[in-house]
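Trainee: Just one file: coords10.cif, with mmCIF, C-alpha atoms.
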```
data_work
#
loop_
_atom_site.label_atom_id
_atom_site.label_comp_id
_atom_site.auth_asym_id
_atom_site.auth_seq_id
_atom_site.Cartn_x
_atom_site.Cartn_y
_atom_site.Cartn_z
CA ALA A 1 -41.52 1.18 -27.06
CA TYR A 2 -39.44 4.22 -26.17
CA ILE A 3 -41.36 7.37 -26.99
CA GLY A 4 -38.73 9.91 -25.97
CA PRO A 5 -38.41 12.32 -23.08
CA LYS A 6 -41.46 13.89 -21.52
CA PRO A 7 -41.84 17.67 -21.30
CA ALA A 8 -40.09 19.38 -18.43
CA ALA A 9 -42.14 20.56 -15.48
CA LEU A 10 -43.01 24.24 -15.34
CA THR A 11 -40.58 26.69 -13.85
CA SER A 12 -42.15 27.45 -10.45
CA THR A 13 -41.48 31.17 -9.98
CA VAL A 14 -39.51 33.80 -11.87
CA THR A 15 -38.19 36.75 -9.87
CA ALA A 16 -36.99 39.90 -11.61
CA TYR A 17 -35.48 43.21 -10.61
CA GLN A 18 -33.67 46.09 -12.29
CA SER A 19 -29.95 45.64 -11.70
CA ALA A 20 -28.62 48.48 -13.89
CA PRO A 21 -30.09 51.28 -16.01
CA ASP A 22 -30.34 48.86 -18.96
CA LYS A 23 -30.48 45.47 -17.22
CA VAL A 24 -33.08 43.25 -15.56
CA ARG A 25 -31.83 40.28 -13.55
CA LEU A 26 -34.03 37.18 -13.82
CA ALA A 27 -33.76 34.17 -11.54
CA TRP A 28 -35.77 30.99 -11.01
CA GLU A 29 -35.64 27.66 -9.21
CA ALA A 30 -34.08 24.78 -11.11
CA VAL A 31 -36.51 22.29 -12.67
CA THR A 32 -35.78 18.78 -11.40
CA THR A 33 -38.71 16.72 -12.74
CA ASP A 34 -40.66 16.18 -15.90
CA LEU A 35 -44.32 17.07 -16.31
CA ASP A 36 -45.40 13.85 -14.54
CA GLY A 37 -43.10 14.39 -11.56
CA ASN A 38 -40.40 11.94 -12.61
CA PRO A 39 -36.83 13.00 -11.70
CA ILE A 40 -34.66 14.22 -14.56
CA GLN A 41 -30.94 14.88 -14.78
CA ALA A 42 -29.78 18.45 -14.29
CA SER A 43 -27.64 18.11 -17.41
CA ASP A 44 -30.80 17.44 -19.44
CA VAL A 45 -32.54 20.64 -18.37
CA THR A 46 -32.28 23.92 -20.29
CA TYR A 47 -34.24 27.17 -20.38
CA ASP A 48 -35.27 29.85 -22.84
CA VAL A 49 -36.27 33.42 -21.93
CA TYR A 50 -38.90 35.39 -23.86
CA SER A 51 -40.04 38.97 -23.81
CA VAL A 52 -43.67 39.58 -22.86
CA ILE A 53 -45.62 42.59 -24.11
CA VAL A 54 -48.85 44.22 -23.02
CA ASN A 55 -51.20 44.35 -26.01
CA ALA A 56 -53.78 47.01 -26.84
CA SER A 57 -56.36 45.22 -24.70
CA GLY A 58 -54.10 45.37 -21.66
CA LYS A 59 -53.41 41.62 -21.73
CA LEU A 60 -50.02 39.94 -21.67
CA GLU A 61 -48.82 38.54 -24.97
CA LEU A 62 -45.75 36.40 -25.62
CA GLY A 63 -43.02 38.22 -27.50
CA GLU A 64 -39.83 36.94 -29.07
CA ARG A 65 -37.19 34.68 -27.60
CA ILE A 66 -34.36 36.85 -26.28
CA THR A 67 -31.85 34.12 -25.40
CA SER A 68 -29.63 33.28 -28.36
CA GLN A 69 -29.16 29.68 -27.18
CA PRO A 70 -30.63 27.44 -24.47
CA LEU A 71 -29.48 28.27 -20.93
CA SER A 72 -28.20 25.75 -18.41
CA SER A 73 -28.09 28.31 -15.58
CA THR A 74 -31.09 29.59 -13.61
CA THR A 75 -30.25 33.30 -13.97
CA TYR A 76 -30.25 35.65 -16.91
CA ASP A 77 -29.46 39.35 -17.37
CA ALA A 78 -31.85 40.80 -19.93
CA THR A 79 -30.81 43.94 -21.78
CA VAL A 80 -33.53 46.60 -21.91
CA THR A 81 -33.63 50.11 -23.34
CA PRO A 82 -33.29 52.56 -20.41
CA SER A 83 -36.45 54.44 -19.48
CA PRO A 84 -36.93 57.69 -17.54
CA VAL A 85 -40.42 56.53 -16.51
CA GLN A 86 -41.08 53.56 -14.23
CA ASP A 87 -43.45 50.85 -15.38
CA TYR A 88 -43.86 47.10 -15.20
CA ILE A 89 -41.78 44.97 -17.56
CA TYR A 90 -42.46 41.28 -18.12
CA PHE A 91 -40.48 38.20 -19.15
CA ALA A 92 -41.30 34.52 -19.49
CA VAL A 93 -39.16 31.42 -18.92
CA LYS A 94 -39.70 28.04 -20.59
CA SER A 95 -38.02 24.89 -19.32
CA TYR A 96 -36.91 21.93 -21.44
CA ASN A 97 -36.10 18.28 -20.78
CA ARG A 98 -33.65 17.15 -23.48
CA GLY A 99 -35.16 19.69 -25.81
CA VAL A 100 -38.82 18.92 -25.04
CA GLY A 101 -40.40 22.07 -23.69
CA ALA A 102 -42.84 22.55 -20.84
CA THR A 103 -46.46 22.93 -21.87
CA GLU A 104 -46.60 26.48 -20.51
CA LEU A 105 -44.28 29.36 -19.67
CA THR A 106 -43.80 31.11 -16.33
CA VAL A 107 -44.02 34.90 -16.28
CA GLY A 108 -42.02 37.21 -14.00
CA SER A 109 -42.21 41.00 -13.72
CA ALA A 110 -40.13 43.91 -12.47
CA ILE A 111 -40.61 47.63 -12.08
CA PHE A 112 -38.21 49.13 -14.60
CA GLY A 113 -37.17 52.77 -15.12
CA ASP A 114 -35.17 55.50 -13.45
CA ALA A 115 -35.57 55.44 -9.67
CA TYR A 116 -37.34 58.39 -8.08
CA PRO A 117 -34.85 60.70 -6.36
CA SER A 118 -34.96 61.31 -2.63
CA PRO A 119 -36.57 62.92 -0.80
CA HIS A 120 -39.67 61.19 -2.14
CA ARG A 121 -43.12 61.91 -0.74
CA ILE A 122 -46.45 60.22 -1.48
CA SER A 123 -49.41 62.12 -0.11
CA GLY A 124 -51.90 63.81 -2.43
CA LYS A 125 -54.43 62.10 -4.66
CA ASN A 126 -52.26 62.30 -7.77
CA GLU A 127 -49.13 61.09 -5.98
CA ILE A 128 -50.96 58.14 -4.45
CA GLY A 129 -52.23 57.13 -7.87
CA GLU A 130 -48.85 57.54 -9.57
CA TYR A 131 -46.29 56.29 -7.06
CA PHE A 132 -47.96 53.27 -5.46
CA PHE A 133 -47.28 50.59 -8.04
CA GLU A 134 -48.80 47.67 -6.25
CA GLY A 135 -51.82 47.03 -4.08
CA TRP A 136 -53.10 43.63 -2.96
CA THR A 137 -55.83 42.29 -0.71
CA SER A 138 -56.36 38.76 0.59
CA ASP A 139 -59.91 38.49 -0.76
CA ALA A 140 -62.62 40.33 -2.65
CA TYR A 141 -64.13 41.78 0.54
CA SER A 142 -61.01 43.78 1.42
CA LYS A 143 -60.59 47.08 -0.42
CA ILE A 144 -57.84 49.67 -0.89
CA ASN A 145 -59.38 53.08 -1.50
CA LEU A 146 -58.59 56.78 -1.57
CA GLY A 147 -59.94 58.39 1.60
CA SER A 148 -60.92 62.01 2.28
CA SER A 149 -62.70 64.17 4.84
CA ALA A 150 -65.95 62.68 3.50
CA ASN A 151 -64.91 59.51 5.37
CA GLY A 152 -64.94 61.39 8.67
CA VAL A 153 -61.17 61.92 9.08
CA ALA A 154 -59.20 64.91 7.78
CA ALA A 155 -55.92 64.18 6.00
CA GLN A 156 -52.76 64.40 8.09
CA ASP A 157 -51.27 67.09 5.84
CA ASP A 158 -54.50 68.90 4.90
CA ASP A 159 -54.57 67.79 1.25
CA ASP A 160 -57.86 65.87 1.72
CA SER A 161 -56.33 62.61 0.46
CA TYR A 162 -55.04 59.49 2.17
CA ILE A 163 -54.98 55.73 1.73
CA LEU A 164 -57.93 53.91 3.30
CA ILE A 165 -57.83 50.11 3.61
CA HIS A 166 -61.10 48.40 4.49
CA THR A 167 -60.79 44.92 6.02
CA PRO A 168 -64.27 44.07 7.36
CA TYR A 169 -63.32 40.67 8.78
CA LEU A 170 -60.63 39.34 11.11
CA ASN A 171 -57.46 37.83 9.62
CA GLN A 172 -57.79 39.69 6.35
CA THR A 173 -54.57 41.13 4.96
CA ALA A 174 -53.54 43.74 2.42
CA TYR A 175 -50.46 45.57 1.26
CA ILE A 176 -49.33 48.54 -0.80
CA ALA A 177 -45.86 48.98 -2.31
CA THR A 178 -44.04 51.94 -3.81
CA GLY A 179 -42.04 52.17 -6.99
CA ARG A 180 -38.24 52.25 -6.94
CA VAL A 181 -36.76 55.08 -4.87
CA SER A 182 -33.08 56.01 -4.84
CA LEU A 183 -31.47 56.46 -1.42
CA SER A 184 -28.28 57.80 -3.01
CA GLY A 185 -26.88 60.94 -1.40
CA LEU A 186 -28.80 60.59 1.87
CA THR A 187 -27.00 60.74 5.20
CA SER A 188 -29.80 59.27 7.34
CA PRO A 189 -32.18 57.30 5.07
CA THR A 190 -35.55 57.02 6.79
CA LEU A 191 -39.13 56.06 6.08
CA ILE A 192 -41.69 58.29 7.81
CA PHE A 193 -45.42 57.73 7.46
CA TRP A 194 -48.58 58.34 9.46
CA ILE A 195 -51.26 55.96 10.74
CA TYR A 196 -54.56 57.16 12.13
CA GLY A 197 -55.35 55.88 15.62
CA PHE A 198 -58.96 54.94 16.26
CA ALA A 199 -60.69 55.20 19.65
CA ALA A 200 -59.16 53.03 22.35
CA ASP A 201 -62.44 51.20 22.99
CA ALA A 202 -62.42 50.00 19.37
CA GLY A 203 -59.69 47.50 20.31
CA ASP A 204 -57.32 48.30 17.43
CA LEU A 205 -55.08 45.25 17.38
CA ASN A 206 -54.17 45.63 13.72
CA VAL A 207 -50.51 45.33 12.75
CA THR A 208 -48.59 47.23 10.06
CA THR A 209 -45.38 45.60 8.83
CA VAL A 210 -42.72 47.50 6.87
CA SER A 211 -40.69 45.61 4.27
CA VAL A 212 -37.91 46.76 1.98
CA ILE A 213 -37.52 45.22 -1.48
CA CYS A 214 -33.98 45.60 -2.78
CA ASP A 215 -32.04 43.62 -5.41
CA GLY A 216 -34.86 41.15 -5.73
CA GLN A 217 -35.05 40.36 -2.00
CA GLU A 218 -37.82 41.39 0.38
CA VAL A 219 -36.88 41.88 4.04
CA ILE A 220 -39.16 42.83 6.95
CA VAL A 221 -37.51 45.77 8.72
CA ASP A 222 -40.15 47.05 11.16
CA GLU A 223 -43.53 46.35 12.74
CA PHE A 224 -46.11 48.62 14.35
CA VAL A 225 -48.91 47.24 16.52
CA HIS A 226 -51.83 49.67 16.44
CA THR A 227 -52.58 49.34 20.13
CA GLY A 228 -49.63 51.68 20.62
CA LEU A 229 -51.27 54.48 18.62
CA THR A 230 -52.75 57.55 20.28
CA PRO A 231 -56.49 57.41 19.49
CA ASP A 232 -58.37 59.96 17.40
CA ARG A 233 -55.33 61.44 15.73
CA TRP A 234 -52.61 60.78 13.19
CA ASN A 235 -49.51 59.07 14.60
CA ARG A 236 -46.00 59.46 13.19
CA MET A 237 -44.18 56.20 12.35
CA GLU A 238 -40.46 56.07 11.60
CA THR A 239 -38.27 53.29 10.20
CA ASP A 240 -34.50 53.43 9.77
CA LEU A 241 -33.37 52.59 6.23
CA SER A 242 -29.63 53.14 6.76
CA ASP A 243 -28.88 49.50 5.91
CA TYR A 244 -29.90 50.37 2.35
CA ALA A 245 -27.97 53.63 2.00
CA GLY A 246 -27.02 54.35 -1.60
CA LYS A 247 -29.31 51.68 -3.04
CA ASP A 248 -32.57 51.73 -4.96
CA VAL A 249 -35.42 50.32 -2.87
CA ARG A 250 -39.15 49.72 -2.85
CA VAL A 251 -41.08 50.10 0.41
CA LYS A 252 -44.02 47.86 1.24
CA LEU A 253 -46.63 48.45 3.96
CA SER A 254 -48.49 45.27 4.91
CA LEU A 255 -51.61 45.23 7.06
CA ALA A 256 -53.02 42.39 9.18
CA CYS A 257 -56.56 42.98 10.44
CA ASN A 258 -56.96 41.86 14.05
CA GLY A 259 -59.83 44.02 15.23
CA VAL A 260 -60.54 47.31 13.41
CA GLN A 261 -61.90 47.26 9.87
CA TYR A 262 -60.42 50.59 8.75
CA THR A 263 -56.72 51.49 8.48
CA LEU A 264 -55.59 54.91 7.25
CA TYR A 265 -52.11 55.79 5.96
CA ASP A 266 -50.95 59.25 4.89
CA ASN A 267 -47.93 61.36 3.99
CA ILE A 268 -45.43 58.59 3.19
CA TYR A 269 -41.93 60.05 3.04
CA ILE A 270 -38.58 58.48 2.07
CA GLY A 271 -35.49 60.62 2.59
CA ASP A 272 -33.20 61.98 5.27
CA ASN A 273 -34.69 61.79 8.74
CA ILE A 274 -36.87 64.81 9.47
CA GLN A 275 -36.46 65.88 13.08
CA ARG A 276 -37.63 69.49 12.86
CA ASP A 277 -40.69 70.15 10.70
CA LEU A 278 -43.68 72.48 11.07
CA SER A 279 -46.53 72.64 8.58
CA VAL A 280 -49.19 75.34 8.28
CA ALA A 281 -52.76 75.54 6.96
CA LEU A 282 -55.05 78.55 6.60
CA SER A 283 -58.84 78.74 6.74
CA GLY A 284 -61.29 81.61 6.53
CA PRO A 285 -64.61 82.82 5.08
CA ALA A 286 -65.16 82.55 1.36
CA LYS A 287 -66.73 86.00 0.94
CA VAL A 288 -66.61 89.21 3.02
CA ALA A 289 -66.82 92.95 2.39
CA GLY A 290 -66.69 96.02 4.62
CA ALA A 291 -66.52 94.06 7.88
CA GLU A 292 -63.87 92.58 10.12
CA PHE A 293 -63.26 88.84 9.67
CA SER A 294 -60.81 86.22 10.94
CA LEU A 295 -58.38 83.95 9.19
CA ASN A 296 -57.20 80.96 11.22
CA ALA A 297 -53.64 79.67 10.77
CA THR A 298 -53.02 76.20 12.17
CA VAL A 299 -49.44 75.06 12.68
CA LYS A 300 -48.78 71.37 13.18
CA ASN A 301 -45.52 69.86 14.45
CA VAL A 302 -44.94 66.94 12.09
CA GLY A 303 -41.32 66.51 13.13
CA ALA A 304 -39.92 64.27 15.84
CA LEU A 305 -38.63 67.05 18.11
CA THR A 306 -40.44 69.71 20.15
CA ALA A 307 -40.53 73.12 18.46
CA GLN A 308 -39.50 75.70 21.03
CA ALA A 309 -40.34 78.92 19.17
CA PHE A 310 -41.50 80.01 15.73
CA ASP A 311 -43.31 82.79 13.85
CA ILE A 312 -46.54 82.68 11.86
CA ASN A 313 -46.91 85.21 9.07
CA LEU A 314 -50.15 86.15 7.35
CA LEU A 315 -49.49 86.88 3.69
CA ARG A 316 -51.69 88.92 1.39
CA TYR A 317 -50.77 88.55 -2.26
CA GLY A 318 -47.48 87.09 -0.99
CA GLU A 319 -46.62 90.09 1.21
CA THR A 320 -46.55 89.85 5.03
CA VAL A 321 -49.38 91.87 6.62
CA ALA A 322 -49.27 90.42 10.17
CA THR A 323 -47.00 88.26 12.31
CA ARG A 324 -47.49 86.25 15.49
CA ASN A 325 -44.60 84.94 17.56
CA ILE A 326 -45.23 81.61 19.30
CA SER A 327 -42.91 81.06 22.25
CA SER A 328 -44.72 78.15 23.89
CA PRO A 329 -43.23 74.73 23.06
CA LEU A 330 -45.17 72.72 20.49
CA LEU A 331 -44.77 68.98 21.02
CA SER A 332 -44.37 66.49 18.20
CA GLU A 333 -47.72 65.70 16.54
CA GLU A 334 -49.42 68.62 18.34
CA SER A 335 -50.93 71.68 16.67
CA THR A 336 -51.83 75.25 17.56
CA THR A 337 -54.15 77.76 15.90
CA VAL A 338 -53.97 81.55 15.88
CA ALA A 339 -56.56 83.98 14.48
CA PHE A 340 -55.64 86.98 12.34
CA SER A 341 -58.20 89.79 12.07
CA GLN A 342 -58.55 91.52 8.72
CA VAL A 343 -60.89 94.07 7.11
CA LEU A 344 -61.72 94.36 3.41
CA GLY A 345 -63.45 97.47 2.20
CA VAL A 346 -66.10 97.45 -0.49
CA GLN A 347 -63.58 99.03 -2.86
CA GLU A 348 -61.05 96.22 -2.39
CA PRO A 349 -60.33 94.16 -5.51
CA ALA A 350 -62.31 90.95 -5.82
CA GLY A 351 -60.56 87.70 -5.07
CA CYS A 352 -58.11 88.89 -2.44
CA VAL A 353 -55.60 86.06 -1.84
CA TYR A 354 -54.26 85.20 1.63
CA SER A 355 -51.86 82.50 2.73
CA ALA A 356 -49.97 81.66 5.92
CA GLN A 357 -46.28 81.04 6.44
CA VAL A 358 -44.51 79.39 9.37
CA VAL A 359 -40.93 80.48 10.04
CA PHE A 360 -39.05 77.92 12.10
CA THR A 361 -35.26 78.04 12.44
CA GLY A 362 -33.67 74.79 11.29
CA ASP A 363 -36.83 73.41 9.65
CA ASP A 364 -35.84 70.24 7.78
CA ASN A 365 -38.71 70.43 5.29
CA PRO A 366 -39.43 73.79 3.63
CA ASP A 367 -42.07 72.33 1.30
CA ASN A 368 -44.90 72.74 3.83
CA ASP A 369 -43.94 76.15 5.27
CA ILE A 370 -46.53 78.09 3.23
CA SER A 371 -50.21 77.13 3.20
CA LEU A 372 -52.53 76.76 0.28
CA PRO A 373 -54.15 80.12 -0.58
CA VAL A 374 -57.51 81.31 0.72
CA GLU A 375 -59.35 83.58 -1.68
#
```
Could you quickly redo this structure as structure tokens?
Mentor:
Amino acid sequence: AYIGPKPAALTSTVTAYQSAPDKVRLAWEAVTTDLDGNPIQASDVTYDVYSVIVNASGKLELGERITSQPLSSTTYDATVTPSPVQDYIYFAVKSYNRGVGATELTVGSAIFGDAYPSPHRISGKNEIGEYFFEGWTSDAYSKINLGSSANGVAAQDDDDSYILIHTPYLNQTAYIATGRVSLSGLTSPTLIFWIYGFAADAGDLNVTTVSVICDGQEVIVDEFVHTGLTPDRWNRMETDLSDYAGKDVRVKLSLACNGVQYTLYDNIYIGDNIQRDLSVALSGPAKVAGAEFSLNATVKNVGALTAQAFDINLLRYGETVATRNISSPLLSEESTTVAFSQVLGVQEPAGCVYSAQVVFTGDDNPDNDISLPVE
């Protein structure tokens, strides 16, 4: 006896991406069989789309159907209230065979909300936690952590925070991915980030792959083999993003472990290409009185070009009290340190605040020209 059509097979995968301030584009592969694998006519297949909410326990919960009638197409533009804050948004698709629905729904997600403006930098502890939306490892033994000087390596930009990926075994993989970043208004869109090079005898054969996710498509745009890194230092990596000028993108760094169990990333930057950039850090004693002491200003060339000449100012309460002119060329990724001698009398106010400033003509990044204070 005829018992009617069988349920449609599940929709395999649902992809989703923000296509406008109030739209999310959903797409999925057409269902061609019923639940038992028997072929079905395309004209018999329809789909419904549902909202999915995150409940108070942090679990996904099916919401209401948002399609007013069954769909015959495999795409749908969902209307969503615009949001100034990026977060995950979820939808579910259910397939039907002559009106008999699949036993389960397939969930897809997108990062939805206003794109971060460029230039966009991810470096400090708070930024790493806020702006990296996705992290994945191939198994439970691989870990993505926040590293610091306690791990034996100082941060590239002296903020004592970087991304540390631990892959203790060969062939393990991991990745991290940013939120949506707008490349609008840039003339030379570029990704710049730093990888720490371990000692040459460690045999660092690891590979970092750069992908760009744009309009729902992920494309590999660059690859860095770690054997090319200079050991025992941070190495500047650069990837051209000009093919995506004017668009909103996500950037994904994927790691393949081929020899070294630790990989360190720091100071991820998306914006116009930075060719000329000096940063400065200041260190000194925590407490002195009535004696001469030294404050050490370290300038690092984090740009791509050699810095031919620059000044280092020592600031006390924001006012310049000493200046050193550096006329020797400073190569990319190199640093130099100068000592400033100071004396505080016993009558000086407690908590005297010093900082250092680097003055470099044509510096493309003024955000790191003044150090954190030393008190």
Trainee: Choose the residue, out of A:Leu205, A:Ile89, A:Val338, A:Val260, that has the smallest atom-to-atom separation from Ile111 of chain A; count only C-alpha atoms.
Mentor: A:Ile89
Trainee: Can you translate the PyMOL selection byres ((chain A and resi 308) around 8) into the concrete residues it hits in this file, as number ranges by chain?
Mentor: A: 306-307, 309-310, 327-330
Trainee: Counting only C-alpha atoms, select every polymer residue within 9 Å of (-54.7, 63.9, 15.4) as defined in the file's coordinates, and provide the selection as a PyMOL selection string.
Mentor: chain A and resi 154+156+196-197+230-235+333-335
Trainee: Just say which residues the PyMOL selection byres ((chain A and resi 140-151) around 9) picks in this file, as a tab-separated table (two decimals) with C-alpha atoms, in the frame of the given file.
Mentor:
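The new file part-v2.tsv reads:
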```
chain	number	residue	atom	x	y	z
A	125	LYS	CA	-54.43	62.10	-4.66
A	128	ILE	CA	-50.96	58.14	-4.45
A	129	GLY	CA	-52.23	57.13	-7.87
A	135	GLY	CA	-51.82	47.03	-4.08
A	136	TRP	CA	-53.10	43.63	-2.96
A	137	THR	CA	-55.83	42.29	-0.71
A	138	SER	CA	-56.36	38.76	0.59
A	139	ASP	CA	-59.91	38.49	-0.76
A	152	GLY	CA	-64.94	61.39	8.67
A	153	VAL	CA	-61.17	61.92	9.08
A	154	ALA	CA	-59.20	64.91	7.78
A	155	ALA	CA	-55.92	64.18	6.00
A	159	ASP	CA	-54.57	67.79	1.25
A	160	ASP	CA	-57.86	65.87	1.72
A	161	SER	CA	-56.33	62.61	0.46
A	162	TYR	CA	-55.04	59.49	2.17
A	163	ILE	CA	-54.98	55.73	1.73
A	164	LEU	CA	-57.93	53.91	3.30
A	165	ILE	CA	-57.83	50.11	3.61
A	166	HIS	CA	-61.10	48.40	4.49
A	167	THR	CA	-60.79	44.92	6.02
A	168	PRO	CA	-64.27	44.07	7.36
A	169	TYR	CA	-63.32	40.67	8.78
A	172	GLN	CA	-57.79	39.69	6.35
A	173	THR	CA	-54.57	41.13	4.96
A	174	ALA	CA	-53.54	43.74	2.42
A	175	TYR	CA	-50.46	45.57	1.26
A	176	ILE	CA	-49.33	48.54	-0.80
A	264	LEU	CA	-55.59	54.91	7.25
```
Trainee: Between atom CA of Pro21 of chain A and atom CA of Arg250 of chain A, measure the distance and give it in Å to one decimal.
Mentor: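 It comes out at 16.1 Å.
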Trainee: Residues proximal to (-53.8, 81.5, 1.8) were defined as those with any atom within 10 Å of that point in the file's coordinates, counting all atoms listed in the file. Which are they, as a VMD selection string?
Mentor: chain A and resid 281 to 284 295 297 314 to 318 352 to 357 370 to 375
Trainee: Can you tell me how far atom CA of Leu253 of chain A sits from atom CA of Tyr265 of chain A, in Å to one decimal?
Mentor: 9.4 Å
Trainee: Have a look at atom CA of Gly124 of chain A and atom CA of Arg236 of chain A and let me know their distance in Å, one decimal.
Mentor: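 A separation of 17.3 Å between them.
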Trainee: Considering only C-alpha atoms, can you say which of A:Ile3, A:Leu191, A:Val24, A:Val299 comes closest to Ala78 of chain A?
Mentor: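 For Ala78 of chain A, the nearest of the candidates is A:Val24.
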Trainee: Here is a test: counting all atoms listed in the file, which residue of A:Ser43, A:Gln69, A:Thr79, A:Ser242 is nearest to Asp22 of chain A?
Mentor: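 Looking at the shortest contact to Asp22 of chain A, the residue is A:Thr79.
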